[in-house]
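Shown next, in structure tokens, is the structure this report addresses.
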Amino acid sequence: MEAVRALVLAGLLVACAVPVGAGLLRLAGLEGKDAAGTAERWLLAATAGLGAVASVYTLLGLAGLFFPSVVLITPLALALLALLPARAFLFAGAGGAPIRQRRVRPAGGASWVRGPGRLPAGRALLVGPPVALLVVLLVTAGAVLVQDLAPPTDYDGLLYHLVAPRAYLEAGRIVYLPHNFSANLPAFGELLFAFGLAGASDRTPQQIHAVAGGLATGLTYTFGARLVGRRPAIWAAAGFAATPLVPFLATRAYIDLFTVLFGLVAVAGVLIWHETGRGAWLRVAGGAAGLALATKYSALTLVLVVGAAVLLMGWLRASRRLRPALADGATFGAIAGVAALPWYARQLLALGNPVWPMYLGGRDWDATRVEQLTYFISQYGAGTHLLDWLRLPLNVYTQSWRFGHVPDSYPPLLAIAAPLALLVPRPAVRWLLGIVAGSTLLWARGWQDLRFLLTLYPLLALLGAAGIDALLRRRPLAALGAAGPAAVTVAIAWLCLLGAGRQLERARDAAPVVLGREPVAAYLGRKLTDFGAVGALNGAVAPGRATLFLGDGQIWYCRQRCIPDPAHDNLLQWFVRPGSVDAARRGLQAEGVSHILLSKVDFWYLEHQDPEDRLRRQLAEFYRFKAAHLELVYEDAWTEVYRGRW
């Protein structure tokens, strides 16, 4: 029944989001005929609706009205208010034709852009592989859904993506959470998770995040069909969905796929505005850009590049006159700023830094803590020498583990063919190449975590697919007819099949707990390295006392107050900086700490990200403290738990 509850809550939120988003798009000036078809209208409406609900939640949280009953009723109330304008948008006539779409028929083959005339003799080659591709994607989606119906076990979800909205619901407002810097980052995406938590389900958030991934996949196809044609759009959507990082994230209560979704709408909206001249698309793009910024700081690089593209597009559209270009840039920037303002204003006013704690520090963060956080993040990547830069496109595939915590986080394999998009004569593709190139350079120059590059994954897939399609239309490959495109489709289907197999294995592992055949505690004990230690702490720590985590950050299942270690600096803060063993003891006593959990597995992992051996030296200070004031009360292969002798 827990799985059923989660499924119902997620479905209810999405059902409410669709009319809310449709009404909002009408308010922005977009009409049903502006969309390329029914699928794009509904996908856009769901995306805009989720953004609108999260925006209202933000305002409610800042106003001190973030109570469970209010959180549950808000989407329903918004949906009722938006029903009339939503109906006019959702059920409008057929949308516009693809942008400047040409029906190019290579010699001996056929275009996949439908039009009048008979299909060629190779109809089976045209129809069969795409159908197989769709079946594989549906199987993958089903496997992801089964995993999403299981109890949450993802690291960041247990650290802050679930912890923050739970704390907001308990306090009735957006509050500062001391000792958990991750939980104080912009929580735009996490506020949608509050709907599930308010309904007593911690499994719903995973499904909500998976919905964002599904919307991004669908919009990759619909936008791609407008911009580059249906055939490469099919390849791009499937290639994006087949990227291992995408289904991996879709089974977790993370927020990355929200950033991808809003970033995709921002880029596509700008490209469609430039091609059609419809100002409503620029307004939609600005709103989406602001929502991406409110979701994750890393969206800033993409938004800056897209903003620069808007200025240049406006300048060229106005015959190289500056004033109209500035007006277009101001429209995009102002709407993006309004959408992102609540969270960045909160960061500035409550924490002292609009991008807290990055660069400038702020509340509870001095220069020493900022430097250590920057030190660990800067270890991502394969080097900064000239040869490393030249090898970067290869290294992100062959050494993806060096670019972040998540395994197999490399971009879509179609991205390898992205330079071939230069063969496509359409202006929209050239602009897309420029936006992707600029954003990639900023990413490579900054923190090379592949999750920070994720917003470009659907765009890279589109460029790669468009480039391959253009190559197939040129002689001598055009002589292959339908066989060439069919071979590409089969290759992508094979990649999707490999991903589906992996997801089916994970779904089979999760199915017993979803169906109630495996106890939740047994499942969590198998999946979480610290679950045994947390269970021991739940039975040992007295009410009103706290546990300090070292290395670990997964505190969702703590029944008492647990202090996580999201920045891996608890050793520095609690044992090194006090200056002496006695000063450290007094600090822990003042905080109410009675127990300490040390994660051996986390520190084993962090050793590979610590070339200066900082943690080794900081652990030495902890062991001196341990000898004087701690006794071991629990140990397993992954963790140690100590009780303070004070």
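Numbering starts fresh at 1 for the residues of each chain in the structure tokens, the chains themselves are lettered A, B, ... in the order given, and ligands are numbered from 1 as they appear.
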Give me, as a tab-separated table, each residue of stretch 37-60 of chain A that comes within 12 Å of stretch 206-217 of chain A, together with its shortest interatomic pair and the distance in Å at one decimal, counting only C-alpha atoms, with rows ordered by chain and rising residue number.
residue	atom	partner	partner_atom	distance
A:Ala39	CA	A:Leu215	CA	10.4
A:Glu40	CA	A:Leu215	CA	9.8
A:Arg41	CA	A:Leu215	CA	11.5
A:Trp42	CA	A:Leu215	CA	9.6
A:Leu43	CA	A:Leu215	CA	6.1
A:Leu44	CA	A:Leu215	CA	8.2
A:Ala45	CA	A:Leu215	CA	10.2
A:Ala46	CA	A:Leu215	CA	7.9
A:Thr47	CA	A:Leu215	CA	7.1
A:Ala48	CA	A:Leu215	CA	10.8
A:Gly49	CA	A:Ala212	CA	11.6
A:Leu50	CA	A:Ala212	CA	9.0
A:Gly51	CA	A:Ala212	CA	10.7
What's the separation between atom CA of A:Tyr254 and atom CA of A:Thr153, in Å to one decimal place? 11.3 Å
Find the spatial neighbours of A:Leu632, counting only C-alpha atoms, within a cut-off of 7 Å - ignore same-chain residues fewer than 6 positions away - and output them as a list of chain:residue names.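 Those residues are A:Val641, A:Tyr642, A:Arg643.
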Write out as an mmCIF file with N, CA and C atoms, in the first residue's frame which residues come within 8 Å of A:Ala194 when counting only C-alpha atoms, dropping same-chain ones fewer than 2 positions away.
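Once written, around_39.cif looks like this:
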data_model
loop_
_atom_site.group_PDB
_atom_site.id
_atom_site.type_symbol
_atom_site.label_atom_id
_atom_site.label_comp_id
_atom_site.auth_asym_id
_atom_site.auth_seq_id
_atom_site.Cartn_x
_atom_site.Cartn_y
_atom_site.Cartn_z
ATOM 1 N N VAL A 71 0.133 22.569 1.637
ATOM 2 C CA VAL A 71 0.929 21.991 0.555
ATOM 3 C C VAL A 71 0.090 21.023 -0.277
ATOM 4 N N PRO A 165 12.767 19.533 2.696
ATOM 5 C CA PRO A 165 11.312 19.751 2.694
ATOM 6 C C PRO A 165 10.636 19.209 3.947
ATOM 7 N N ARG A 166 11.159 18.132 4.536
ATOM 8 C CA ARG A 166 10.583 17.652 5.795
ATOM 9 C C ARG A 166 10.747 18.695 6.889
ATOM 10 N N LEU A 169 8.259 21.512 6.321
ATOM 11 C CA LEU A 169 6.897 21.127 6.718
ATOM 12 C C LEU A 169 6.744 21.146 8.237
ATOM 13 N N GLU A 190 13.176 20.583 -4.611
ATOM 14 C CA GLU A 190 12.796 19.809 -3.433
ATOM 15 C C GLU A 190 11.403 20.172 -2.914
ATOM 16 N N LEU A 191 10.955 21.403 -3.183
ATOM 17 C CA LEU A 191 9.634 21.794 -2.686
ATOM 18 C C LEU A 191 8.533 20.952 -3.313
ATOM 19 N N LEU A 192 8.740 20.464 -4.522
ATOM 20 C CA LEU A 192 7.755 19.558 -5.114
ATOM 21 C C LEU A 192 7.705 18.239 -4.349
ATOM 22 N N GLY A 196 4.596 14.953 -1.702
ATOM 23 C CA GLY A 196 4.584 13.553 -1.290
ATOM 24 C C GLY A 196 4.782 13.390 0.198
ATOM 25 N N LEU A 197 5.714 14.158 0.768
ATOM 26 C CA LEU A 197 5.974 14.049 2.203
ATOM 27 C C LEU A 197 4.761 14.496 3.015
ATOM 28 N N ALA A 198 4.060 15.517 2.532
ATOM 29 C CA ALA A 198 2.849 15.956 3.228
ATOM 30 C C ALA A 198 1.774 14.884 3.179
ATOM 31 N N PRO A 205 8.672 11.393 -3.983
ATOM 32 C CA PRO A 205 9.667 12.280 -4.593
ATOM 33 C C PRO A 205 10.478 11.638 -5.702
#
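DSSP on the backbone gives strand (DSSP E or B) for these parts of stretch 359-580 of chain A: Gly362, Trp365, Ala546, Thr547, Leu548, Phe549, Leu550, Arg561, Cys562 and Ile563 of chain A.
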Hey, which of A:Gly644, A:Pro412, A:Gly218, A:Pro419 ends up closest to A:Ile596? Count only C-alpha atoms.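 Closest residue, counting only C-alpha atoms: A:Gly644.
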Any idea what the distance is between atom CA of A:Val534 and atom CA of A:Leu159?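 These atoms are spaced 13.4 Å apart.
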From the set A:Ala590, A:Ala150, A:Ala536, A:Trp315, which residue has the shortest atom-to-atom contact distance to A:Glu518, counting only C-alpha atoms?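 Of A:Ala590, A:Ala150, A:Ala536, A:Trp315, the one nearest A:Glu518, counting only C-alpha atoms, is A:Ala150.
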Excluding same-chain residues fewer than 3 positions from stretch 460-472 of chain A, what lies within 9 Å of it counting only C-alpha atoms, as a ChimeraX atom specification? /A:106,220-221,224,228-229,231-240,411-424,429,432-433,436,456-457,475-481,484-485,488
